[in-house]
file input-v8.cif (mmCIF, C-alpha atoms)
data_upload
loop_
_atom_site.label_atom_id
_atom_site.label_comp_id
_atom_site.auth_asym_id
_atom_site.auth_seq_id
_atom_site.Cartn_x
_atom_site.Cartn_y
_atom_site.Cartn_z
CA MET A 1 -53.78 -20.42 -1.30
CA ILE A 2 -52.32 -18.31 1.52
CA ALA A 3 -53.84 -18.13 5.01
CA GLY A 4 -53.15 -15.71 7.82
CA TYR A 5 -51.32 -17.17 10.80
CA ILE A 6 -51.08 -15.30 14.10
CA LEU A 7 -48.37 -16.41 16.53
CA THR A 8 -49.89 -15.88 19.97
CA GLY A 9 -46.65 -16.34 21.88
CA GLY A 10 -45.86 -18.56 24.82
CA LYS A 11 -46.01 -17.74 28.51
CA ASN A 12 -45.76 -13.96 27.94
CA THR A 13 -43.54 -13.64 31.00
CA ARG A 14 -42.34 -10.15 30.02
CA MET A 15 -45.98 -9.06 30.13
CA ASN A 16 -46.51 -10.55 33.59
CA GLY A 17 -48.35 -13.46 32.03
CA ASN A 18 -50.91 -11.30 30.23
CA LYS A 19 -51.69 -12.65 26.78
CA LYS A 20 -50.45 -10.02 24.32
CA LEU A 21 -53.16 -10.88 21.82
CA PHE A 22 -55.72 -9.37 24.23
CA LEU A 23 -53.82 -6.17 25.01
CA THR A 24 -55.66 -3.08 23.83
CA PHE A 25 -54.62 -0.05 21.83
CA HIS A 26 -57.06 2.86 21.73
CA GLY A 27 -59.51 0.53 23.43
CA ILE A 28 -59.29 -2.10 20.68
CA PRO A 29 -57.62 -5.49 21.26
CA PHE A 30 -54.45 -6.22 19.30
CA TYR A 31 -56.08 -9.19 17.60
CA GLU A 32 -58.76 -6.99 16.03
CA TYR A 33 -56.11 -4.81 14.36
CA ILE A 34 -54.44 -7.93 12.98
CA LEU A 35 -57.71 -9.46 11.78
CA GLN A 36 -58.51 -6.22 9.98
CA ALA A 37 -55.07 -6.17 8.34
CA PHE A 38 -55.58 -9.79 7.25
CA HIS A 39 -59.17 -9.36 6.05
CA ILE A 40 -58.16 -9.93 2.41
CA LEU A 41 -56.95 -13.45 3.23
CA PRO A 42 -59.45 -16.32 2.85
CA LYS A 43 -58.72 -17.85 6.26
CA ILE A 44 -56.90 -16.96 9.47
CA TYR A 45 -55.49 -19.29 12.12
CA LEU A 46 -54.11 -18.82 15.61
CA SER A 47 -50.89 -20.55 16.59
CA VAL A 48 -51.30 -21.45 20.27
CA GLU A 49 -49.48 -23.26 23.03
CA ALA A 50 -52.87 -24.27 24.46
CA GLU A 51 -56.40 -23.62 23.22
CA ASP A 52 -58.18 -22.61 26.45
CA PRO A 53 -57.09 -18.93 26.64
CA TYR A 54 -58.32 -18.25 23.09
CA LYS A 55 -61.56 -20.23 22.72
CA THR A 56 -63.72 -17.12 23.07
CA LEU A 57 -62.31 -15.75 19.79
CA HIS A 58 -63.80 -18.57 17.69
CA ILE A 59 -60.79 -18.52 15.35
CA PRO A 60 -59.38 -21.86 14.12
CA MET A 61 -56.38 -22.84 16.23
CA VAL A 62 -53.21 -24.83 15.64
CA THR A 63 -51.60 -26.19 18.79
CA ASP A 64 -47.82 -26.44 18.92
CA ILE A 65 -46.54 -29.89 17.99
CA TYR A 66 -43.28 -29.04 19.76
CA PRO A 67 -44.11 -26.79 22.73
CA ASP A 68 -41.74 -24.31 24.32
CA ILE A 69 -39.35 -23.89 21.37
CA GLY A 70 -40.56 -20.47 20.30
CA PRO A 71 -41.89 -19.17 16.97
CA ILE A 72 -40.16 -21.81 14.87
CA GLY A 73 -42.35 -24.44 16.51
CA GLY A 74 -45.48 -22.46 15.77
CA ILE A 75 -44.55 -21.93 12.12
CA TYR A 76 -43.64 -25.59 11.68
CA SER A 77 -46.90 -26.73 13.28
CA GLY A 78 -48.95 -24.43 11.06
CA LEU A 79 -47.28 -25.46 7.82
CA ARG A 80 -47.63 -29.11 8.73
CA THR A 81 -51.25 -28.85 9.90
CA CYS A 82 -52.96 -26.25 7.71
CA PRO A 83 -54.06 -27.27 4.19
CA GLU A 84 -53.03 -23.99 2.55
CA ASP A 85 -49.91 -23.75 0.36
CA ALA A 86 -48.37 -20.98 2.47
CA LEU A 87 -48.97 -19.04 5.69
CA PHE A 88 -48.74 -15.29 6.15
CA VAL A 89 -47.16 -15.25 9.59
CA THR A 90 -47.38 -12.37 12.03
CA ALA A 91 -46.57 -11.99 15.69
CA CYS A 92 -49.56 -11.13 17.85
CA ASP A 93 -47.88 -8.03 19.30
CA MET A 94 -47.85 -5.92 16.12
CA PRO A 95 -51.03 -3.80 16.26
CA LEU A 96 -49.70 -1.20 13.81
CA ILE A 97 -49.72 -3.43 10.74
CA ASP A 98 -52.41 -2.72 8.14
CA HIS A 99 -53.85 -4.15 4.94
CA HIS A 100 -51.58 -1.96 2.79
CA ILE A 101 -48.48 -3.66 4.20
CA VAL A 102 -50.13 -7.06 3.91
CA SER A 103 -50.98 -6.40 0.25
CA LYS A 104 -47.40 -5.34 -0.44
CA VAL A 105 -46.05 -8.62 0.91
CA LEU A 106 -48.66 -10.64 -0.98
CA ASN A 107 -47.80 -8.91 -4.25
CA ALA A 108 -44.09 -9.58 -3.72
CA TYR A 109 -44.77 -13.24 -2.95
CA GLU A 110 -46.71 -13.67 -6.18
CA LYS A 111 -43.58 -12.65 -8.10
CA HIS A 112 -41.47 -15.23 -6.24
CA PRO A 113 -43.83 -18.07 -5.26
CA ASP A 114 -42.57 -20.76 -2.91
CA THR A 115 -40.01 -18.31 -1.54
CA ILE A 116 -40.08 -16.91 1.98
CA THR A 117 -41.09 -13.26 1.70
CA ILE A 118 -40.32 -10.94 4.61
CA ILE A 119 -39.98 -7.27 5.58
CA LYS A 120 -36.77 -5.34 6.24
CA THR A 121 -36.57 -1.90 7.86
CA GLY A 122 -33.13 -0.33 7.73
CA GLU A 123 -30.70 -3.10 8.65
CA ARG A 124 -33.28 -5.09 10.57
CA ILE A 125 -35.06 -8.14 9.13
CA HIS A 126 -38.43 -9.06 10.62
CA PRO A 127 -38.80 -12.85 10.44
CA LEU A 128 -42.16 -12.85 12.23
CA PHE A 129 -43.99 -10.88 9.56
CA GLY A 130 -44.01 -12.55 6.19
CA ILE A 131 -45.09 -15.47 4.05
CA TYR A 132 -43.74 -18.97 4.62
CA PRO A 133 -44.49 -21.65 1.97
CA LYS A 134 -44.79 -25.35 2.71
CA THR A 135 -41.63 -25.96 0.71
CA VAL A 136 -39.60 -24.97 3.79
CA LEU A 137 -41.12 -27.68 6.01
CA PRO A 138 -38.21 -30.13 5.59
CA LEU A 139 -35.73 -27.40 6.52
CA LEU A 140 -37.73 -26.45 9.60
CA ALA A 141 -37.94 -30.09 10.65
CA GLN A 142 -34.18 -30.44 10.26
CA MET A 143 -33.53 -27.33 12.36
CA ILE A 144 -35.84 -28.56 15.11
CA ARG A 145 -34.09 -31.94 15.18
CA LYS A 146 -30.80 -30.08 15.64
CA LYS A 147 -32.38 -27.87 18.33
CA ASP A 148 -31.66 -24.80 16.25
CA TYR A 149 -34.70 -22.70 17.13
CA LYS A 150 -33.78 -19.32 15.62
CA VAL A 151 -36.08 -18.56 12.72
CA LYS A 152 -33.50 -16.26 11.13
CA ASN A 153 -31.12 -19.20 10.75
CA LEU A 154 -33.56 -20.68 8.26
CA PHE A 155 -32.74 -17.88 5.82
CA SER A 156 -29.19 -19.15 5.29
CA HIS A 157 -30.56 -22.46 3.98
CA THR A 158 -33.08 -21.20 1.43
CA ASP A 159 -33.88 -18.33 -0.90
CA ILE A 160 -35.78 -15.39 0.55
CA SER A 161 -37.43 -12.33 -0.93
CA VAL A 162 -36.94 -9.18 1.13
CA ILE A 163 -39.16 -6.10 0.95
CA GLU A 164 -37.72 -2.78 2.09
CA LEU A 165 -40.09 -0.77 4.26
CA GLU A 166 -39.42 2.78 5.44
CA GLN A 167 -42.06 2.90 8.16
CA LYS A 168 -40.16 1.30 11.03
CA GLU A 169 -42.95 2.01 13.50
CA VAL A 170 -45.31 -0.36 11.73
CA MET A 171 -43.02 -3.31 12.44
CA GLU A 172 -42.54 -2.60 16.14
CA ASN A 173 -43.15 -5.54 18.48
CA ILE A 174 -44.67 -4.81 21.87
CA ASN A 175 -42.66 -7.24 24.00
CA THR A 176 -42.50 -5.58 27.41
CA ARG A 177 -44.64 -3.48 29.72
CA LYS A 178 -42.42 -0.48 28.98
CA GLU A 179 -42.90 -0.86 25.22
CA TYR A 180 -46.63 -1.21 25.77
CA GLU A 181 -46.69 2.03 27.74
CA GLN A 182 -44.71 3.75 24.96
CA LEU A 183 -47.14 2.55 22.29
CA GLU A 184 -49.42 5.52 22.87
CA HIS A 185 -46.54 7.85 21.98
CA MET A 186 -45.54 6.19 18.74
CA VAL A 187 -46.13 7.81 15.38
CA ARG A 188 -47.67 5.61 12.78
CA GLN A 189 -46.54 6.32 9.24
CA LYS A 190 -47.91 5.17 5.95
CA ASP A 191 -46.16 5.53 2.61
CA GLY A 192 -43.69 7.94 4.24
CA THR A 193 -46.41 10.37 5.34
CA GLU A 194 -47.29 11.01 8.96
CA MET A 195 -50.82 9.75 9.48
CA GLU A 196 -51.55 9.79 13.18
CA SER A 197 -49.79 10.59 16.43
CA PHE A 198 -50.39 8.14 19.24
#

call {"tool": "encode", "arguments": {"input": "input-v8.cif", "output": "structure tokens"}}
result
Amino acid sequence: MIAGYILTGGKNTRMNGNKKLFLTFHGIPFYEYILQAFHILPKIYLSVEAEDPYKTLHIPMVTDIYPDIGPIGGIYSGLRTCPEDALFVTACDMPLIDHHIVSKVLNAYEKHPDTITIIKTGERIHPLFGIYPKTVLPLLAQMIRKKDYKVKNLFSHTDISVIELEQKEVMENINTRKEYEQLEHMVRQKDGTEMESF
């Protein structure tokens, strides 16, 4: 079984401390876009540094076992804590993802089970949108012991399945205030066809 797993981020310093999960796009919070994209999954968890900011959402939470080491700590904590066989990981600052992209990744994972399955746009790999099976837990633990906290470094130690995606806009992370302001001007594309101008 595969569950959805939303990385809520740490201190969000580049957003002046505002939790990115609660930022809005067209008046709708980011987390609602992600929940809608993940609606085909049987369960969804939040990866959190602390539970208090997110209790109002009533979504099961996984608190970081190793705080302040970034996404690798969140992914490790989820795989170690959640009972599912794999987690479909996404960053919380990707409001343009949809269920079509999620289905594409799920279908690819079914062809290569127990293999990390991620998206690539152009030359860029997106480690924070994809499926991570429990089989990688020992590798993650080893990296954390060595204080190697870059998720991408995991890919050199195990097989991965990479899905090419043309719609680069869908994979955009909203990391800064400037990027958030530019979000309204992005063009969302689906299957290579312009769908909506923001």

call {"tool": "closest_residue", "arguments": {"input": "input-v8.cif", "among": "A:Ala91, A:Val136, A:Ile34, A:Ile118", "to": "Lys104 (chain A)", "atoms": "only C-alpha atoms"}}
result
A:Ile118

call {"tool": "resolve_selection", "arguments": {"input": "input-v8.cif", "expression": "the PyMOL selection byres ((chain A and resi 141) around 12)", "output": "ChimeraX atom specification"}}
result
/A:65-66,72-77,79-80,134-140,142-149,151,154

call {"tool": "closest_residue", "arguments": {"input": "input-v8.cif", "among": "A:Tyr33, A:Glu172, A:Lys150, A:Lys43", "to": "Arg124 (chain A)", "atoms": "only C-alpha atoms"}}
result
A:Glu172

call {"tool": "resolve_selection", "arguments": {"input": "input-v8.cif", "expression": "the PyMOL selection byres ((chain A and resi 117) around 8)", "output": "number ranges by chain"}}
result
A: 105, 108-109, 115-116, 118-119, 130-132, 160-163

call {"tool": "resolve_selection", "arguments": {"input": "input-v8.cif", "expression": "the PyMOL selection byres ((chain A and resi 2) around 7)", "output": "PyMOL selection string"}}
result
chain A and resi 1+3-4+41+84-88

call {"tool": "residues_around", "arguments": {"input": "input-v8.cif", "residues": "Asp93 (chain A)", "least_positions_apart": "4", "cutoff": "12 Å", "atoms": "all atoms listed in the file", "output": "NGL selection string"}}
result
:A and (6-9 or 12 or 15 or 18-25 or 29-34 or 97 or 128-129 or 170-177 or 179-180 or 183)

call {"tool": "atom_distance", "arguments": {"input": "input-v8.cif", "atom1": "CA of Leu165 (chain A)", "atom2": "CA of Glu123 (chain A)"}}
result
10.6 Å

call {"tool": "atom_distance", "arguments": {"input": "input-v8.cif", "atom1": "CA of Phe38 (chain A)", "atom2": "CA of Asn107 (chain A)"}}
result
13.9 Å

call {"tool": "atom_distance", "arguments": {"input": "input-v8.cif", "atom1": "CA of Pro67 (chain A)", "atom2": "CA of Phe155 (chain A)"}}
result
22.2 Å

call {"tool": "closest_residue", "arguments": {"input": "input-v8.cif", "among": "A:Leu35, A:Val102, A:Leu96, A:Val62", "to": "Lys168 (chain A)", "atoms": "all atoms listed in the file"}}
result
A:Leu96
